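Shown below: my_file-v4.cif, with mmCIF, C-alpha atoms.
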```cif
data_start
#
loop_
_atom_site.label_atom_id
_atom_site.label_comp_id
_atom_site.auth_asym_id
_atom_site.auth_seq_id
_atom_site.Cartn_x
_atom_site.Cartn_y
_atom_site.Cartn_z
CA MET A 1 -31.66 -85.83 177.34
CA ASN A 2 -33.48 -86.38 174.05
CA GLU A 3 -35.41 -89.65 173.91
CA SER A 4 -35.57 -89.85 170.11
CA THR A 5 -34.19 -92.91 168.34
CA ILE A 6 -32.26 -92.12 165.17
CA ALA A 7 -31.84 -94.56 162.29
CA PHE A 8 -29.01 -93.92 159.83
CA ILE A 9 -29.84 -95.43 156.46
CA GLY A 10 -26.37 -95.74 155.00
CA ALA A 11 -23.26 -95.83 157.16
CA GLY A 12 -20.61 -93.95 155.19
CA ASN A 13 -18.38 -91.07 156.25
CA MET A 14 -21.12 -88.51 156.80
CA ALA A 15 -23.27 -90.89 158.83
CA SER A 16 -20.19 -91.85 160.85
CA SER A 17 -19.36 -88.20 161.53
CA ILE A 18 -22.88 -87.42 162.73
CA ILE A 19 -22.99 -90.54 164.91
CA GLY A 20 -19.63 -89.60 166.45
CA GLY A 21 -20.76 -86.04 167.08
CA LEU A 22 -23.97 -87.15 168.74
CA ILE A 23 -22.19 -89.60 171.01
CA ASN A 24 -19.57 -86.98 171.93
CA ASN A 25 -22.44 -84.69 172.90
CA GLY A 26 -24.03 -87.26 175.17
CA TRP A 27 -26.59 -88.93 172.91
CA PRO A 28 -27.15 -92.48 174.25
CA THR A 29 -25.73 -95.16 171.98
CA TYR A 30 -28.81 -97.33 172.52
CA GLN A 31 -30.87 -94.69 170.69
CA LEU A 32 -28.77 -94.94 167.53
CA ILE A 33 -29.04 -97.59 164.83
CA ALA A 34 -27.23 -97.80 161.49
CA THR A 35 -27.84 -99.80 158.34
CA ALA A 36 -25.65 -100.72 155.40
CA ARG A 37 -25.69 -103.22 152.59
CA THR A 38 -22.72 -105.21 153.87
CA GLU A 39 -21.78 -106.68 157.23
CA GLU A 40 -18.22 -105.48 156.66
CA THR A 41 -19.32 -101.84 156.77
CA LEU A 42 -21.54 -102.49 159.77
CA SER A 43 -18.80 -104.24 161.73
CA ASP A 44 -16.66 -101.10 161.42
CA ILE A 45 -19.51 -98.96 162.77
CA ARG A 46 -20.21 -101.36 165.64
CA GLU A 47 -16.54 -101.53 166.61
CA LYS A 48 -16.13 -97.76 166.50
CA PHE A 49 -19.36 -96.66 168.22
CA ASN A 50 -20.89 -99.72 169.90
CA ILE A 51 -24.36 -99.03 168.43
CA GLU A 52 -27.00 -101.34 166.98
CA THR A 53 -26.63 -102.19 163.30
CA THR A 54 -28.63 -104.15 160.74
CA VAL A 55 -28.76 -104.84 157.02
CA ASP A 56 -32.57 -104.58 157.23
CA ASN A 57 -33.61 -100.98 156.54
CA HIS A 58 -37.23 -101.70 157.47
CA GLN A 59 -36.21 -103.01 160.89
CA ALA A 60 -34.26 -99.82 161.61
CA VAL A 61 -36.93 -97.45 160.29
CA GLY A 62 -39.68 -99.17 162.26
CA LYS A 63 -37.91 -98.21 165.49
CA ALA A 64 -36.94 -94.68 164.51
CA ASP A 65 -38.28 -91.26 165.44
CA VAL A 66 -35.69 -89.70 163.12
CA ILE A 67 -34.54 -91.24 159.84
CA MET A 68 -31.26 -89.94 158.45
CA LEU A 69 -31.08 -90.74 154.74
CA CYS A 70 -27.33 -90.96 154.15
CA VAL A 71 -27.36 -92.99 150.93
CA LYS A 72 -25.93 -91.91 147.59
CA PRO A 73 -28.25 -89.65 145.56
CA GLN A 74 -28.43 -92.22 142.76
CA VAL A 75 -30.13 -94.81 144.99
CA MET A 76 -32.33 -92.45 147.03
CA LYS A 77 -35.46 -93.12 144.97
CA GLU A 78 -35.14 -96.88 145.38
CA VAL A 79 -34.42 -96.68 149.11
CA LEU A 80 -37.08 -94.13 150.07
CA THR A 81 -39.81 -95.69 147.94
CA ASP A 82 -39.12 -99.05 149.55
CA LEU A 83 -39.15 -97.62 153.08
CA SER A 84 -42.22 -95.41 152.79
CA SER A 85 -44.59 -98.03 154.23
CA SER A 86 -42.41 -98.61 157.33
CA ILE A 87 -41.99 -94.99 158.46
CA LYS A 88 -43.71 -94.22 161.77
CA PRO A 89 -46.34 -91.46 161.92
CA ASN A 90 -44.77 -88.12 162.86
CA ALA A 91 -41.25 -89.43 162.20
CA LEU A 92 -38.76 -86.85 160.99
CA ILE A 93 -36.93 -87.56 157.73
CA ILE A 94 -33.58 -85.85 157.17
CA SER A 95 -31.86 -86.18 153.80
CA VAL A 96 -28.13 -85.49 153.50
CA ALA A 97 -28.06 -86.35 149.78
CA ALA A 98 -26.92 -83.51 147.54
CA GLY A 99 -29.13 -82.69 144.58
CA ILE A 100 -32.28 -84.48 145.70
CA THR A 101 -35.10 -81.92 145.82
CA MET A 102 -37.93 -81.75 148.32
CA GLU A 103 -40.33 -82.43 145.47
CA SER A 104 -38.61 -85.74 144.72
CA LEU A 105 -38.36 -86.75 148.38
CA GLN A 106 -42.07 -86.13 148.91
CA LYS A 107 -42.97 -87.93 145.69
CA TRP A 108 -40.97 -91.03 146.66
CA GLY A 109 -41.80 -91.09 150.38
CA GLY A 110 -45.20 -89.43 150.62
CA GLU A 111 -46.57 -85.90 150.71
CA HIS A 112 -47.45 -86.33 154.39
CA LEU A 113 -43.86 -86.81 155.55
CA SER A 114 -41.98 -84.28 157.67
CA ILE A 115 -38.76 -83.79 155.68
CA VAL A 116 -35.63 -81.71 156.15
CA ARG A 117 -33.06 -81.30 153.40
CA SER A 118 -29.60 -80.83 154.87
CA MET A 119 -26.29 -79.87 153.33
CA PRO A 120 -23.42 -80.65 155.71
CA ASN A 121 -19.78 -80.38 154.63
CA THR A 122 -16.70 -82.53 155.06
CA PRO A 123 -15.30 -80.80 158.20
CA SER A 124 -18.30 -82.39 159.92
CA LEU A 125 -15.97 -85.39 160.16
CA LEU A 126 -14.09 -83.37 162.81
CA GLN A 127 -17.26 -82.01 164.43
CA CYS A 128 -16.32 -78.69 162.82
CA GLY A 129 -18.90 -78.65 160.05
CA ALA A 130 -21.23 -76.04 158.62
CA SER A 131 -24.67 -77.28 157.57
CA GLY A 132 -27.56 -75.67 155.72
CA LEU A 133 -31.12 -76.85 156.49
CA TYR A 134 -34.47 -76.50 154.71
CA ALA A 135 -37.79 -77.89 155.96
CA ASN A 136 -41.08 -78.64 154.25
CA ASN A 137 -44.36 -77.40 155.71
CA ASN A 138 -44.95 -80.61 157.69
CA VAL A 139 -41.90 -80.04 159.90
CA SER A 140 -42.90 -78.85 163.38
CA ASN A 141 -40.97 -76.57 165.71
CA ASP A 142 -40.12 -79.62 167.79
CA HIS A 143 -38.76 -81.30 164.68
CA LYS A 144 -36.63 -78.23 163.96
CA LYS A 145 -35.28 -78.22 167.50
CA LEU A 146 -34.40 -81.90 167.15
CA THR A 147 -32.68 -81.21 163.81
CA ASP A 148 -30.68 -78.40 165.43
CA ASP A 149 -29.58 -80.77 168.19
CA ILE A 150 -28.34 -83.28 165.61
CA PHE A 151 -26.42 -80.90 163.38
CA ASN A 152 -25.04 -78.70 166.15
CA ALA A 153 -23.33 -81.87 167.37
CA ILE A 154 -21.11 -81.74 164.27
CA GLY A 155 -20.57 -77.98 163.99
CA ILE A 156 -23.03 -75.18 163.25
CA ALA A 157 -26.37 -75.32 161.44
CA LYS A 158 -28.29 -72.55 159.66
CA TRP A 159 -31.87 -72.70 158.34
CA VAL A 160 -32.86 -71.22 154.98
CA ASP A 161 -36.47 -70.35 154.15
CA GLN A 162 -36.27 -71.09 150.41
CA GLU A 163 -35.15 -74.41 148.99
CA SER A 164 -33.24 -72.65 146.21
CA LEU A 165 -30.91 -71.23 148.87
CA ILE A 166 -29.56 -74.73 149.46
CA ASP A 167 -27.65 -74.15 146.22
CA ALA A 168 -26.08 -71.05 147.80
CA VAL A 169 -25.19 -73.12 150.87
CA ILE A 170 -23.45 -75.61 148.57
CA ALA A 171 -21.46 -72.79 146.94
CA VAL A 172 -20.41 -71.29 150.30
CA SER A 173 -19.91 -74.14 152.75
CA GLY A 174 -20.56 -77.36 150.84
CA SER A 175 -17.83 -76.78 148.27
CA GLY A 176 -16.04 -74.13 150.34
CA PRO A 177 -13.48 -76.35 152.06
CA ALA A 178 -11.98 -77.19 148.66
CA TYR A 179 -11.47 -73.49 147.92
CA TYR A 180 -9.36 -73.11 151.04
CA PHE A 181 -7.49 -76.34 150.31
CA LEU A 182 -6.61 -74.98 146.85
CA LEU A 183 -5.28 -71.73 148.32
CA MET A 184 -3.26 -73.67 150.89
CA GLU A 185 -1.91 -75.94 148.16
CA ILE A 186 -0.78 -72.93 146.12
CA MET A 187 0.77 -71.16 149.11
CA GLU A 188 2.73 -74.29 150.04
CA GLN A 189 4.08 -74.59 146.49
CA VAL A 190 5.05 -70.92 146.23
CA GLY A 191 6.70 -71.00 149.63
CA SER A 192 8.86 -73.88 148.42
CA ARG A 193 9.73 -72.01 145.23
CA LEU A 194 10.75 -69.04 147.38
CA GLY A 195 13.31 -71.23 149.10
CA LEU A 196 11.57 -72.84 152.08
CA ASP A 197 11.85 -76.60 152.38
CA ASN A 198 8.58 -78.37 151.58
CA GLU A 199 7.70 -79.35 155.15
CA THR A 200 8.40 -75.89 156.56
CA SER A 201 6.28 -74.30 153.85
CA ARG A 202 3.50 -76.77 154.54
CA GLN A 203 3.49 -76.28 158.31
CA LEU A 204 3.63 -72.49 158.08
CA THR A 205 0.76 -72.47 155.56
CA LEU A 206 -1.50 -74.78 157.56
CA GLN A 207 -0.88 -73.03 160.88
CA THR A 208 -1.53 -69.67 159.24
CA ALA A 209 -4.86 -70.94 157.84
CA LEU A 210 -5.82 -72.33 161.25
CA GLY A 211 -4.85 -69.13 163.02
CA ALA A 212 -6.72 -66.93 160.55
CA ALA A 213 -9.87 -69.06 160.89
CA ARG A 214 -9.69 -68.91 164.69
CA MET A 215 -9.19 -65.15 164.65
CA ALA A 216 -12.20 -64.73 162.35
CA THR A 217 -14.48 -66.98 164.40
CA GLU A 218 -13.43 -65.62 167.78
CA SER A 219 -13.28 -61.93 166.89
CA SER A 220 -16.07 -59.39 167.38
CA VAL A 221 -15.29 -57.75 164.01
CA ASP A 222 -15.76 -59.05 160.48
CA ALA A 223 -13.16 -60.49 158.13
CA ALA A 224 -12.79 -57.23 156.20
CA GLU A 225 -11.83 -55.36 159.36
CA LEU A 226 -9.39 -58.08 160.41
CA ARG A 227 -7.76 -57.81 156.99
CA ARG A 228 -7.48 -54.04 157.29
CA ARG A 229 -5.89 -54.30 160.74
CA ILE A 230 -2.96 -56.38 159.46
CA THR A 231 -2.55 -54.48 156.17
CA SER A 232 -0.11 -51.71 157.02
CA PRO A 233 0.10 -48.82 154.53
CA LYS A 234 2.91 -49.40 152.02
CA GLY A 235 3.77 -52.69 153.73
CA THR A 236 4.28 -56.21 152.38
CA THR A 237 0.72 -57.37 153.04
CA GLU A 238 -0.74 -54.35 151.25
CA GLN A 239 1.28 -55.20 148.15
CA ALA A 240 0.02 -58.77 148.16
CA ILE A 241 -3.62 -57.69 148.70
CA LYS A 242 -3.38 -55.08 145.94
CA THR A 243 -2.11 -57.77 143.58
CA PHE A 244 -5.02 -60.05 144.43
CA GLN A 245 -7.49 -57.24 143.84
CA GLU A 246 -5.87 -55.93 140.65
CA GLN A 247 -5.75 -59.43 139.18
CA GLY A 248 -9.49 -59.87 139.80
CA LEU A 249 -9.59 -62.29 142.73
CA PRO A 250 -12.96 -61.01 144.07
CA GLU A 251 -14.58 -61.38 140.65
CA LEU A 252 -12.98 -64.80 140.13
CA VAL A 253 -14.28 -66.10 143.46
CA GLU A 254 -17.78 -64.84 142.65
CA LYS A 255 -17.63 -66.49 139.22
CA ALA A 256 -16.47 -69.78 140.76
CA MET A 257 -19.24 -69.79 143.38
CA ASN A 258 -21.86 -69.03 140.75
CA ALA A 259 -20.50 -71.95 138.73
CA ALA A 260 -21.01 -74.17 141.77
CA VAL A 261 -24.63 -72.98 142.06
CA ASP A 262 -25.25 -73.62 138.35
CA ARG A 263 -23.84 -77.13 138.60
CA SER A 264 -25.91 -77.87 141.70
CA ILE A 265 -29.07 -76.89 139.79
CA GLU A 266 -28.03 -79.07 136.83
CA LEU A 267 -27.39 -82.08 139.04
CA ALA A 268 -30.71 -81.67 140.84
CA GLU A 269 -32.50 -81.56 137.51
CA ALA A 270 -30.71 -84.70 136.33
CA LEU A 271 -31.67 -86.59 139.50
CA LYS A 272 -35.36 -85.74 139.27
CA ASP A 273 -37.64 -88.60 138.33
#
```

Starting from the coordinates I provided, produce the structure as structure tokens.
Amino acid sequence: MNESTIAFIGAGNMASSIIGGLINNGWPTYQLIATARTEETLSDIREKFNIETTVDNHQAVGKADVIMLCVKPQVMKEVLTDLSSSIKPNALIISVAAGITMESLQKWGGEHLSIVRSMPNTPSLLQCGASGLYANNNVSNDHKKLTDDIFNAIGIAKWVDQESLIDAVIAVSGSGPAYYFLLMEIMEQVGSRLGLDNETSRQLTLQTALGAARMATESSVDAAELRRRITSPKGTTEQAIKTFQEQGLPELVEKAMNAAVDRSIELAEALKD
């Protein structure tokens, strides 16, 4: 069992999902502490997880081996600058704030800090997330193992060796759930227009999405091969797939994901000090 104490600075949805995942995977509640600006937020966390809470960030950080920075990007500079003097030597700092670069984190907290930038996504709330991770040169192998333990508790985690690839992670898995939600939304609507009642169309769409995802994750072959196996020559599925391809769906998806990358770069630039 890991003996590290983790302080969550900020107790919103992402912090709550990580806390829940850790507890579900056997992390002792007495090694978790959460902070927030209001007692109302903290009372919800205490009631849900039975962990220590405080409105004093310095108190939490002083106890912590790992500091999860779960605050909004707009207040990260203020929070990290204020906390820099309270961080224990060799503590691991993990930022879950989108758009805050390693350069900024090191400038506000200190060049000596061991920092990981993470990019989890919203299915982490169900312990079914996909997270991208990038470490600075101060992060040890032990720190990386500890980071893996944390993020594997809420899904899967993949390391990238260039910080710029965090933008690609955002385009694939950070924003990705919304792409699938949009397709499901459209399929539900079209199913209704084809004559199904709304609830039947909804349930068939959602179960189909769930089944396809399970087949893809549990199969030994890739998504392209799975698609080929259910696309019979001259059948109904082939006609639908041909329409997608002829109308430029692959190019449209690539354009959309590149737009996500471009916007991520713009936001990071705007948040730099």

- Given the file above and the PyMOL selection byres ((chain A and resi 109) around 8), which residues are selected, and can you give them as a VMD selection string? chain A and resid 80 to 81 83 to 84 105 to 108 110 to 111 113

- Would you be able to write out as JSON, numbers by chain which residues have an atom within 10 Å of (-22.9, -94.5, 170.7) in the file's coordinates, counting only C-alpha atoms? {"A": [19, 20, 21, 22, 23, 24, 26, 27, 28, 29, 30, 31, 32, 33, 45, 46, 48, 49, 50, 51, 52]}

- Query: Between A:Asn90, A:Thr122, A:Ser164, A:Thr236, which is the closest to Ala268 in chain A once you count only C-alpha atoms?
  - Reply: A:Ser164

- Query: Which is closer to Ser201 in chain A than all the others in A:Val75, A:Met187, A:Ala135, A:Ala213, using all atoms listed in the file?
  - Reply: A:Met187

- Message: Selection in question (the file shown): the PyMOL selection byres ((chain A and resi 95) around 8). Which residues does it include, as a list in words?
- Response: Met68, Leu69, Cys70, Ile93, Ile94, Val96, Ala97, Ile115, Val116, Arg117 and Ser118 of chain A

- Could you work out how far CA of Lys242 in chain A lies from CA of Arg229 in chain A, giving the answer in Å with one decimal? 15.0 Å

- Task: Using only C-alpha atoms, find the one residue out of A:His58, A:Val160, A:Lys72, A:Met102 that sits nearest to Gly12 in chain A.
- Result: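 The answer is A:Lys72, which sits nearest to Gly12 in chain A.
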
Output check: residues returned by the PyMOL selection byres ((chain A and resi 174-179) around 10), as a PDB file with C-alpha atoms, in the frame of the given file:
```pdb
ATOM      1  CA  ALA A  98     -26.920 -83.510 147.540  1.00  0.00           C
ATOM      2  CA  MET A 119     -26.290 -79.870 153.330  1.00  0.00           C
ATOM      3  CA  PRO A 120     -23.420 -80.650 155.710  1.00  0.00           C
ATOM      4  CA  ASN A 121     -19.780 -80.380 154.630  1.00  0.00           C
ATOM      5  CA  THR A 122     -16.700 -82.530 155.060  1.00  0.00           C
ATOM      6  CA  PRO A 123     -15.300 -80.800 158.200  1.00  0.00           C
ATOM      7  CA  GLY A 129     -18.900 -78.650 160.050  1.00  0.00           C
ATOM      8  CA  ALA A 130     -21.230 -76.040 158.620  1.00  0.00           C
ATOM      9  CA  SER A 131     -24.670 -77.280 157.570  1.00  0.00           C
ATOM     10  CA  GLY A 132     -27.560 -75.670 155.720  1.00  0.00           C
ATOM     11  CA  ILE A 166     -29.560 -74.730 149.460  1.00  0.00           C
ATOM     12  CA  ASP A 167     -27.650 -74.150 146.220  1.00  0.00           C
ATOM     13  CA  ALA A 168     -26.080 -71.050 147.800  1.00  0.00           C
ATOM     14  CA  VAL A 169     -25.190 -73.120 150.870  1.00  0.00           C
ATOM     15  CA  ILE A 170     -23.450 -75.610 148.570  1.00  0.00           C
ATOM     16  CA  ALA A 171     -21.460 -72.790 146.940  1.00  0.00           C
ATOM     17  CA  VAL A 172     -20.410 -71.290 150.300  1.00  0.00           C
ATOM     18  CA  SER A 173     -19.910 -74.140 152.750  1.00  0.00           C
ATOM     19  CA  TYR A 180      -9.360 -73.110 151.040  1.00  0.00           C
ATOM     20  CA  PHE A 181      -7.490 -76.340 150.310  1.00  0.00           C
ATOM     21  CA  LEU A 182      -6.610 -74.980 146.850  1.00  0.00           C
ATOM     22  CA  LEU A 183      -5.280 -71.730 148.320  1.00  0.00           C
ATOM     23  CA  MET A 184      -3.260 -73.670 150.890  1.00  0.00           C
ATOM     24  CA  GLU A 185      -1.910 -75.940 148.160  1.00  0.00           C
ATOM     25  CA  VAL A 253     -14.280 -66.100 143.460  1.00  0.00           C
ATOM     26  CA  ALA A 256     -16.470 -69.780 140.760  1.00  0.00           C
ATOM     27  CA  MET A 257     -19.240 -69.790 143.380  1.00  0.00           C
ATOM     28  CA  ALA A 260     -21.010 -74.170 141.770  1.00  0.00           C
ATOM     29  CA  VAL A 261     -24.630 -72.980 142.060  1.00  0.00           C
TER      30      VAL A 261
END
```

Some atoms are missing, so please complete range 83-95 of chain A with N, CA, C and O atoms and return it as a short mmCIF file (atom, residue, chain, number, x, y, z; two decimals), keeping the file's coordinate frame.
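The result, written out as selection_23.cif:
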```cif
data_model
loop_
_atom_site.label_atom_id
_atom_site.label_comp_id
_atom_site.auth_asym_id
_atom_site.auth_seq_id
_atom_site.Cartn_x
_atom_site.Cartn_y
_atom_site.Cartn_z
N LEU A 83 -38.97 -97.82 151.64
CA LEU A 83 -39.15 -97.62 153.08
C LEU A 83 -40.45 -96.91 153.44
O LEU A 83 -40.84 -96.91 154.62
N SER A 84 -41.10 -96.31 152.49
CA SER A 84 -42.22 -95.41 152.79
C SER A 84 -43.29 -96.06 153.66
O SER A 84 -43.90 -95.41 154.51
N SER A 85 -43.53 -97.35 153.47
CA SER A 85 -44.59 -98.03 154.23
C SER A 85 -44.19 -98.35 155.67
O SER A 85 -45.04 -98.66 156.50
N SER A 86 -42.90 -98.26 155.99
CA SER A 86 -42.41 -98.61 157.33
C SER A 86 -42.17 -97.41 158.23
O SER A 86 -41.87 -97.57 159.41
N ILE A 87 -42.29 -96.20 157.69
CA ILE A 87 -41.99 -94.99 158.46
C ILE A 87 -43.11 -94.71 159.46
O ILE A 87 -44.29 -94.70 159.11
N LYS A 88 -42.74 -94.49 160.72
CA LYS A 88 -43.71 -94.22 161.77
C LYS A 88 -44.40 -92.87 161.56
O LYS A 88 -43.79 -91.93 161.04
N PRO A 89 -45.67 -92.77 161.97
CA PRO A 89 -46.34 -91.46 161.92
C PRO A 89 -45.55 -90.43 162.75
O PRO A 89 -45.06 -90.75 163.83
N ASN A 90 -45.46 -89.24 162.20
CA ASN A 90 -44.77 -88.12 162.86
C ASN A 90 -43.26 -88.31 162.95
O ASN A 90 -42.57 -87.56 163.65
N ALA A 91 -42.71 -89.30 162.25
CA ALA A 91 -41.25 -89.43 162.20
C ALA A 91 -40.67 -88.28 161.38
O ALA A 91 -41.33 -87.73 160.48
N LEU A 92 -39.46 -87.90 161.70
CA LEU A 92 -38.76 -86.85 160.99
C LEU A 92 -37.78 -87.49 160.01
O LEU A 92 -36.97 -88.33 160.40
N ILE A 93 -37.84 -87.07 158.76
CA ILE A 93 -36.93 -87.56 157.73
C ILE A 93 -35.91 -86.47 157.42
O ILE A 93 -36.29 -85.33 157.13
N ILE A 94 -34.64 -86.81 157.49
CA ILE A 94 -33.58 -85.85 157.17
C ILE A 94 -32.72 -86.44 156.06
O ILE A 94 -32.12 -87.50 156.22
N SER A 95 -32.68 -85.74 154.93
CA SER A 95 -31.86 -86.18 153.80
C SER A 95 -30.54 -85.41 153.79
O SER A 95 -30.52 -84.19 153.92
#
```
